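Structure record follows, encoded as structure tokens.
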Amino acid sequence: MIAIVDSIQQMAGKIWSFFVDLLFPIECLDCGREGEWLCAECFLKIKIEDRQSCQGCGRFGLTGVICAHCKPNWALDGVLSALEYDRVISAKLVKALKYNFVKDVSLVLAKLFLKFYNSLKLQGLAPDFGERKIFFIPVPLHPKRLRWRGFNQSELIARLIAANLGGEFLSDVLIRIKNILPQTQFKGSERIKNIEGCFKFVGETEQVKGKIVILVDDVMTTGATINECAKALKLAGAKKVWGFAMARG
């Protein structure tokens, strides 16, 4: 019976992929050139962020660390974001992945983030994690949203970044236990209240205790969601928790 269900799901996935390819032919989301979701020329033209800021107060810094003034109210130790979401191409890439279900766009976003991160390293501005191994965890979706989309876009990106940075990807250790209204419907403190208590660490404590953990998300606005994830990880014993966002809204 399980084999039959798996077979049906695989067939449904192939049919869905066919219709996605039919409705959204592969062409550069910037210039329209056929063959790639972002051609080499447009990839080089995209402006990556060279200035980061404290997620708490917005004060510009160099490394994305949560400043000493804001730290008491934040479980996160810092946040890095590669793109500005209000730029047209950034929004197109994210929307193609999240709402048009074009999974291959996760490769483009991961490449852009790695370009950004390597640029920080060359300038000596990347976070200093010492010789510790880094563990990557995607911001989880509620099971209902996961069934609707068919994949977690943050998980696709997190796997790619972990592999390229020599980190370890941890799957299914952080879960969303509440199905809430989308954060886009709220502003400021309302977002904090809406997302409060939504996440739970369900892995083995040894997996994160005393470790440096990177939470990976596609778009971050106020940081309320990723900070709630960080709270759950800190309760489980994580030493430091950073957020890596593909774009900042």
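Within each chain, counting starts at residue 1; across the structure tokens, chains are named A, B, ... in the order shown, with ligands numbered 1 upward in that order.
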
Which of chain A fall in strand (DSSP E or B), as a PyMOL selection string: chain A and resi 27+34+52-53+60-61+65+78-84+134-138+168-169+174-176+199-201+212-220+240-248

Mind checking which residues fall within 10 Å of Glu204 (chain A), counting only C-alpha atoms, ignoring those fewer than 5 positions away in the same chain, and posting them as a PyMOL selection string? chain A and resi 173+209+236

Dump of C-alpha atoms for the selected residues, as a tab-separated table (two decimals), in the first residue's frame:
chain	number	residue	atom	x	y	z
A	173	VAL	CA	14.97	18.89	14.20
A	209	LYS	CA	24.14	21.78	22.53
A	236	ALA	CA	17.93	23.31	23.46

Leaving out region 121-128 of chain A and any residue of its chain fewer than 4 positions from it, which residues lie within 12 Å of it when counting only C-alpha atoms, given as a PyMOL selection string? chain A and resi 50-52+61-66+77-81+114-117+132-134+165+212+214+240-244

Selection from above, C-alpha atoms, as a short mmCIF file (atom, residue, chain, number, x, y, z; two decimals), in the first residue's frame, can you write it?
data_model
loop_
_atom_site.label_atom_id
_atom_site.label_comp_id
_atom_site.auth_asym_id
_atom_site.auth_seq_id
_atom_site.Cartn_x
_atom_site.Cartn_y
_atom_site.Cartn_z
CA ASP A 50 27.86 45.24 1.16
CA ARG A 51 26.45 46.79 4.33
CA GLN A 52 24.67 44.87 7.04
CA GLY A 61 27.29 47.85 11.01
CA LEU A 62 29.75 45.76 9.12
CA THR A 63 29.14 42.23 10.31
CA GLY A 64 25.40 41.92 11.00
CA VAL A 65 25.87 41.31 14.73
CA ILE A 66 22.94 42.19 17.00
CA ASP A 77 23.35 36.61 17.67
CA GLY A 78 23.39 38.13 14.19
CA VAL A 79 21.85 38.15 10.75
CA LEU A 80 23.28 38.27 7.23
CA SER A 81 21.15 39.03 4.18
CA LEU A 114 27.57 32.31 -1.46
CA LYS A 115 28.89 35.10 -3.70
CA PHE A 116 27.86 37.58 -1.01
CA TYR A 117 29.33 35.49 1.84
CA ARG A 132 33.87 25.09 15.26
CA LYS A 133 31.74 23.08 12.88
CA ILE A 134 28.65 24.97 11.74
CA LEU A 165 30.52 26.03 3.31
CA ILE A 212 26.92 27.22 16.36
CA ILE A 214 22.75 28.88 11.22
CA LYS A 240 25.22 30.81 19.03
CA VAL A 241 22.44 31.18 16.48
CA TRP A 242 22.80 33.25 13.34
CA GLY A 243 20.30 33.91 10.58
CA PHE A 244 21.19 33.69 6.90
#

Using only C-alpha atoms, determine which residues lie at most 7 Å from Leu38 (chain A), disregarding the query and same-chain residues fewer than 3 positions distant; provide the list as a compact mmCIF listing (two decimals) with C-alpha atoms, in the first residue's frame.
# COMPACT_ATOMS: atom_id res chain seq x y z
CA CYS A 28 16.25 34.56 -17.38
CA LEU A 29 13.97 36.35 -14.94
CA ASP A 30 15.87 39.56 -15.58
CA CYS A 42 22.51 39.19 -15.17
CA PHE A 43 23.98 37.18 -12.28

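Near Leu107 (chain A), within 10 Å and counting only C-alpha atoms, sit Trp37, Leu112, Phe113, Leu156, Ile157, Leu160 and Ile161 of chain A; same-chain residues fewer than 5 positions away were not included.
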
With a distance cut-off of 10 Å and only C-alpha atoms, select the neighbouring residues of region 67-70 of chain A, excluding the residue or stretch itself and same-chain residues fewer than 5 positions from it, and output the selection as a list in words.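 With the cut-off at 10 Å, the set is Ser53, Cys54, Gln55, Gly56, Cys57, Gly58, Arg59, Phe60, Gly61, Asp77 and Gly78 of chain A.
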
Which residues come within 12 Å of Lys178 (chain A), counting only C-alpha atoms, excluding same-chain residues fewer than 6 positions away, as a CSV table (one decimal) with C-alpha atoms, in the first residue's frame?
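The resulting file, selection_35.csv, is shown below:
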chain,number,residue,atom,x,y,z
A,140,PRO,CA,10.4,25.1,8.9
A,141,LEU,CA,7.0,25.3,7.3
A,142,HIS,CA,3.8,24.1,9.0
A,143,PRO,CA,2.9,20.7,7.6
A,144,LYS,CA,-0.2,22.1,5.9
A,145,ARG,CA,1.9,24.7,4.0
A,194,ASN,CA,1.5,36.3,15.7
A,195,ILE,CA,4.6,34.1,15.6
A,196,GLU,CA,5.2,33.6,19.3
A,197,GLY,CA,5.7,30.0,20.5
A,198,CYS,CA,5.3,28.6,16.9
A,199,PHE,CA,8.5,26.5,16.9
A,200,LYS,CA,9.8,23.6,18.8

Backbone-only DSSP, helix (DSSP H, G or I) members of region 14-217 of chain A, as an MDAnalysis selection string: chainID A and resid 14:23 40:45 71:73 88:98 105:122 143:149 153:165 183:185 189:195 205:207

Atomic distance CA of Asp218 (chain A) - CA of Phe101 (chain A), expressed in Å with one decimal: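 Atom-to-atom, CA of Asp218 (chain A) and CA of Phe101 (chain A) are spaced 13.6 Å apart.
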
Pairwise distance, CA of Val102 (chain A) with CA of Thr221 (chain A), equals 22.4 Å

Separation of CA of Gln153 (chain A) from CA of Arg87 (chain A), in Å and rounded to one decimal: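 These two atoms are separated by 19.8 Å.
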
From A:Val216, A:Leu44, A:Asn118, A:Gln207, residue lying nearest Ala162 (chain A) [only C-alpha atoms]: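 So, comparing all the options, the nearest one is A:Val216.
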
Pick out the closest residue to Leu120 (chain A) from this set: A:Ala82, A:Ala245, A:Val219, A:Leu97. Count only C-alpha atoms. A:Ala82

Write out, as a tab-separated table, each residue of region 18-110 of chain A that has an atom at most 8 Å from region 223-234 of chain A, together with the closest pair of atoms and their distance in Å to one decimal, counting only C-alpha atoms, rows going by chain and rising number.
residue	atom	partner	partner_atom	distance
A:Gln55	CA	A:Gly223	CA	6.9
A:Trp74	CA	A:Asn227	CA	6.8
A:Ala75	CA	A:Lys231	CA	5.3
A:Leu76	CA	A:Ala230	CA	5.7

Selected residues, N, CA and C atoms, written as a PDB file, in the first residue's frame, please.
ATOM      1  N   GLN A  55      19.706  43.798  13.340  1.00  0.00           N
ATOM      2  CA  GLN A  55      18.315  43.489  13.053  1.00  0.00           C
ATOM      3  C   GLN A  55      17.366  44.128  14.070  1.00  0.00           C
ATOM      4  N   TRP A  74      16.869  39.822  21.955  1.00  0.00           N
ATOM      5  CA  TRP A  74      17.022  38.960  20.785  1.00  0.00           C
ATOM      6  C   TRP A  74      17.727  37.658  21.148  1.00  0.00           C
ATOM      7  N   ALA A  75      17.173  36.547  20.665  1.00  0.00           N
ATOM      8  CA  ALA A  75      17.839  35.249  20.824  1.00  0.00           C
ATOM      9  C   ALA A  75      18.913  35.089  19.752  1.00  0.00           C
ATOM     10  N   LEU A  76      18.703  35.717  18.604  1.00  0.00           N
ATOM     11  CA  LEU A  76      19.690  35.676  17.524  1.00  0.00           C
ATOM     12  C   LEU A  76      20.953  36.420  17.924  1.00  0.00           C
TER      13      LEU A  76
END
